[in-house]
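Dropping coords28.csv in here (CSV, C-alpha atoms and all ligand atoms):
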chain,number,residue,atom,x,y,z
A,1,MET,CA,-20.7,-31.4,-77.5
A,2,THR,CA,-21.2,-27.6,-77.7
A,3,ALA,CA,-21.8,-27.5,-74.0
A,4,TRP,CA,-18.2,-28.4,-73.3
A,5,HIS,CA,-17.1,-25.2,-75.1
A,6,HIS,CA,-19.1,-23.0,-72.7
A,7,PRO,CA,-16.5,-21.0,-70.7
A,8,VAL,CA,-18.1,-21.7,-67.3
A,9,LEU,CA,-18.2,-25.5,-67.9
A,10,THR,CA,-14.6,-25.4,-69.1
A,11,ALA,CA,-13.5,-23.6,-65.9
A,12,TYR,CA,-15.5,-26.1,-63.8
A,13,ALA,CA,-13.8,-29.0,-65.6
A,14,SER,CA,-10.3,-27.8,-64.9
A,15,GLU,CA,-11.1,-27.0,-61.2
A,16,ALA,CA,-12.5,-30.5,-60.9
A,17,ALA,CA,-9.2,-32.1,-61.9
A,18,PRO,CA,-7.5,-32.0,-58.4
A,19,THR,CA,-10.7,-33.5,-56.9
A,20,THR,CA,-10.6,-36.4,-59.3
A,21,ALA,CA,-6.9,-37.0,-58.4
A,22,ALA,CA,-7.8,-37.0,-54.7
A,23,THR,CA,-10.7,-39.5,-55.3
A,24,GLU,CA,-8.3,-41.8,-57.2
A,25,ALA,CA,-5.8,-41.7,-54.3
A,26,TYR,CA,-8.7,-42.5,-52.0
A,27,ALA,CA,-9.9,-45.4,-54.1
A,28,HIS,CA,-6.3,-46.9,-54.3
A,29,SER,CA,-6.0,-47.0,-50.5
A,30,PRO,CA,-7.1,-50.4,-49.3
A,31,ARG,CA,-8.3,-49.1,-46.0
A,32,ALA,CA,-10.5,-46.5,-47.6
A,33,GLU,CA,-12.6,-49.0,-49.6
A,34,GLU,CA,-16.1,-49.9,-48.8
A,35,PRO,CA,-16.4,-53.4,-47.3
A,36,VAL,CA,-17.5,-55.9,-49.9
A,37,THR,CA,-19.0,-59.2,-49.2
A,38,TYR,CA,-17.0,-61.8,-51.1
A,39,THR,CA,-17.8,-65.5,-51.2
A,40,PRO,CA,-15.0,-67.6,-52.6
A,41,PRO,CA,-16.1,-69.8,-55.6
A,42,TRP,CA,-15.8,-73.0,-53.6
A,43,ARG,CA,-18.5,-71.8,-51.2
A,44,ARG,CA,-20.9,-70.7,-53.9
A,45,VAL,CA,-23.4,-72.8,-55.7
A,46,CYS,CA,-23.5,-73.4,-59.5
A,47,ASP,CA,-25.5,-70.8,-61.3
A,48,CYS,CA,-25.0,-72.1,-64.8
A,49,ARG,CA,-27.0,-74.8,-66.6
A,50,CYS,CA,-24.9,-77.7,-65.6
A,51,ILE,CA,-27.1,-80.7,-64.9
A,52,ILE,CA,-24.7,-82.1,-62.4
A,53,HIS,CA,-24.1,-79.0,-60.3
A,54,HIS,CA,-27.1,-76.8,-60.8
A,55,ARG,CA,-27.6,-75.0,-57.5
A,56,LEU,CA,-25.0,-77.2,-55.8
A,57,PRO,CA,-21.5,-76.4,-54.7
A,58,ARG,CA,-18.7,-77.6,-57.0
A,59,THR,CA,-15.3,-78.3,-55.5
A,60,THR,CA,-14.1,-81.1,-57.7
A,61,TYR,CA,-13.3,-80.0,-61.2
A,62,ASN,CA,-13.2,-83.3,-63.1
A,63,GLU,CA,-16.6,-84.7,-62.5
A,64,PRO,CA,-17.9,-86.7,-65.4
A,65,GLY,CA,-20.8,-85.0,-67.1
A,66,CYS,CA,-20.1,-81.6,-65.6
A,67,ALA,CA,-21.0,-78.9,-68.1
A,68,CYS,CA,-20.2,-75.9,-66.0
A,69,THR,CA,-19.4,-72.8,-67.9
A,70,ILE,CA,-16.1,-70.9,-67.3
A,71,THR,CA,-18.2,-68.1,-65.9
A,72,CYS,CA,-20.1,-70.3,-63.5
A,73,ALA,CA,-20.2,-68.9,-60.0
A,74,THR,CA,-18.3,-71.9,-58.8
A,75,GLN,CA,-15.4,-71.4,-61.2
A,76,PRO,CA,-12.2,-70.1,-59.5
A,77,LEU,CA,-9.8,-67.5,-60.9
A,78,THR,CA,-9.2,-68.6,-64.4
A,79,LEU,CA,-6.9,-67.8,-67.3
A,80,LEU,CA,-8.2,-68.5,-70.7
A,81,ALA,CA,-5.3,-69.7,-72.8
A,82,GLN,CA,-6.6,-69.9,-76.4
A,83,GLN,CA,-3.0,-70.5,-77.6
A,84,ARG,CA,-3.0,-73.8,-75.8
A,85,GLY,CA,-6.7,-74.6,-76.3
A,86,ARG,CA,-7.5,-74.7,-72.6
A,87,ALA,CA,-8.2,-72.7,-69.5
A,88,LEU,CA,-5.9,-72.7,-66.4
A,89,PHE,CA,-7.2,-72.0,-63.0
A,90,LEU,CA,-6.4,-72.3,-59.3
A,91,ASP,CA,-8.3,-74.7,-57.1
A,92,GLN,CA,-9.2,-74.1,-53.4
A,93,GLY,CA,-5.7,-75.0,-52.3
A,94,GLY,CA,-4.0,-72.7,-54.9
A,95,VAL,CA,-3.1,-75.7,-57.1
A,96,LEU,CA,-3.1,-75.0,-60.8
A,97,TRP,CA,-5.5,-77.1,-63.0
A,98,HIS,CA,-6.0,-77.1,-66.7
A,99,VAL,CA,-9.2,-78.0,-68.7
A,100,PRO,CA,-9.3,-78.6,-72.4
A,101,ALA,CA,-11.6,-76.3,-74.4
A,102,MET,CA,-14.3,-77.9,-76.6
A,103,ALA,CA,-16.5,-76.4,-79.3
A,104,ASN,CA,-18.9,-73.6,-78.7
A,105,GLY,CA,-17.4,-72.4,-75.4
A,106,THR,CA,-17.8,-75.7,-73.6
A,107,TRP,CA,-15.2,-77.4,-71.5
A,108,ASP,CA,-14.0,-81.0,-71.2
A,109,TRP,CA,-14.2,-81.2,-67.4
A,110,ASP,CA,-13.9,-85.0,-67.6
A,111,ASN,CA,-10.3,-84.4,-68.7
A,112,ALA,CA,-9.5,-81.6,-66.3
A,113,THR,CA,-6.4,-82.4,-64.3
A,114,ARG,CA,-3.9,-80.7,-62.0
A,115,VAL,CA,-0.9,-79.4,-63.9
A,116,ASP,CA,1.9,-81.9,-62.9
A,117,THR,CA,5.3,-82.7,-64.3
A,118,ARG,CA,3.7,-84.8,-67.1
A,119,ALA,CA,1.6,-81.9,-68.4
A,120,ASP,CA,2.7,-80.3,-71.7
A,121,VAL,CA,2.1,-77.0,-70.0
A,122,TYR,CA,4.2,-77.9,-66.9
A,123,ASP,CA,6.9,-75.2,-67.5
A,124,ALA,CA,4.5,-72.5,-68.5
A,125,GLY,CA,2.3,-73.7,-65.6
A,126,LEU,CA,4.9,-72.9,-63.0
A,127,VAL,CA,4.9,-69.3,-64.1
A,128,ILE,CA,1.2,-69.1,-64.7
A,129,GLY,CA,0.4,-70.7,-61.3
A,130,HIS,CA,2.7,-68.2,-59.6
A,131,LEU,CA,1.1,-65.2,-61.5
A,132,LEU,CA,-2.5,-66.4,-60.8
A,133,ARG,CA,-1.7,-66.9,-57.1
A,134,GLN,CA,-0.3,-63.3,-57.0
A,135,ALA,CA,-3.4,-62.1,-58.8
A,136,ALA,CA,-5.6,-63.9,-56.3
A,137,ASN,CA,-3.7,-62.3,-53.4
A,138,VAL,CA,-3.9,-58.8,-55.0
A,139,LEU,CA,-7.7,-59.3,-55.5
A,140,ASP,CA,-8.3,-60.6,-52.0
A,141,ALA,CA,-6.2,-57.9,-50.4
A,142,SER,CA,-8.3,-55.2,-52.1
A,143,ILE,CA,-11.4,-56.7,-50.5
A,144,ASP,CA,-10.3,-57.3,-46.9
A,201,ZN,ZN,-20.9,-78.6,-63.4
A,202,ZN,ZN,-22.0,-74.4,-63.0
Representation of the structure as structure tokens:
Amino acid sequence: MTAWHHPVLTAYASEAAPTTAATEAYAHSPRAEEPVTYTPPWRRVCDCRCIIHHRLPRTTYNEPGCACTITCATQPLTLLAQQRGRALFLDQGGVLWHVPAMANGTWDWDNATRVDTRADVYDAGLVIGHLLRQAANVLDASID
């Protein structure tokens, strides 16, 4: 900590400030970003311990016996909604799904369904679906 009180270092730190601001502006410009290889979750293979999908693609989210984790490489953009005891996520077509949470961080994929008019989270789902699609667009735009 004493080093920061050194006069030379202090001067250096204040001179460095404009450079930091310039770097941030650079980072915020989409065109300035380094190209990143991004594989959508539905083109990835399962990397969790699921016996159904291990090292296989997963594009259906209600397969009986699926034990995929919410952080599996195949899991799309997901919102954990502890208030409702479930997770909400967008499938390949941008349709909102919900999956009930079970004990110990596991998920009841057998009972995962699209959020339709019969779902108790239908109204909330309209907003959440919209926000997740926006989030997906923002995230995709920053990669292209
Ligand atoms: Zn699985
Ligand atoms: Zn998996």
Residues near stretch 74-80 of chain A, cut-off 10 Å, all atoms listed in the file, skip fewer than 6 positions along chain, as a ChimeraX atom specification: /A:39-48,53,55-59,61,68,86-92,94,96-99,101,128-129,132-133,135-136
Atomic separation - atom CA of A:Asp116 relative to atom CA of A:Met102, Å: 21.6 Å
Please determine, counting only C-alpha atoms and all ligand atoms, which residue among A:Val95, A:Cys72, A:Asn62, A:His130 has the shortest atom-to-atom distance to ligand ZN 202 (chain A).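 Under the stated criterion, the closest residue is A:Cys72.
If you measure from each of A:Thr71, A:Gly93, A:Tyr122, A:Trp109 to A:Ile52 using all atoms listed in the file, the closest one turns out to be A:Trp109.
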What is the atom CA of A:Thr69-atom CA of A:Thr113 distance in Å, reported with one decimal?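 Spanning atom CA of A:Thr69 to atom CA of A:Thr113 is a straight-line distance of 16.6 Å.
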Please measure the separation of atom CA of A:Ala81 and atom CA of A:Asp140, giving the value in Å to one decimal.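 Spanning atom CA of A:Ala81 to atom CA of A:Asp140 is a straight-line distance of 22.9 Å.
Compared by their closest atoms to A:Arg114, and using all atoms listed in the file, the residues A:Thr37, A:Leu131, A:Ile51, A:Leu126 rank with A:Leu126 nearest.
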Smallest atom-to-atom distance to ligand ZN 202 (chain A): which of A:Gly85, A:Gly65, A:Thr60, A:Ala73, using all atoms listed in the file? A:Ala73
Please determine, counting only C-alpha atoms and all ligand atoms, which residue among A:Gln82, A:Thr106, A:Ser142, A:Thr117 has the shortest atom-to-atom distance to ligand ZN 202 (chain A).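 Comparing A:Gln82, A:Thr106, A:Ser142, A:Thr117 against ligand ZN 202 (chain A), the winner is A:Thr106.
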Which residue gives the smallest distance to ligand ZN 202 (chain A) among A:Val138, A:Ala124, A:Ala67, A:Val115, with only C-alpha atoms and all ligand atoms counted? A:Ala67
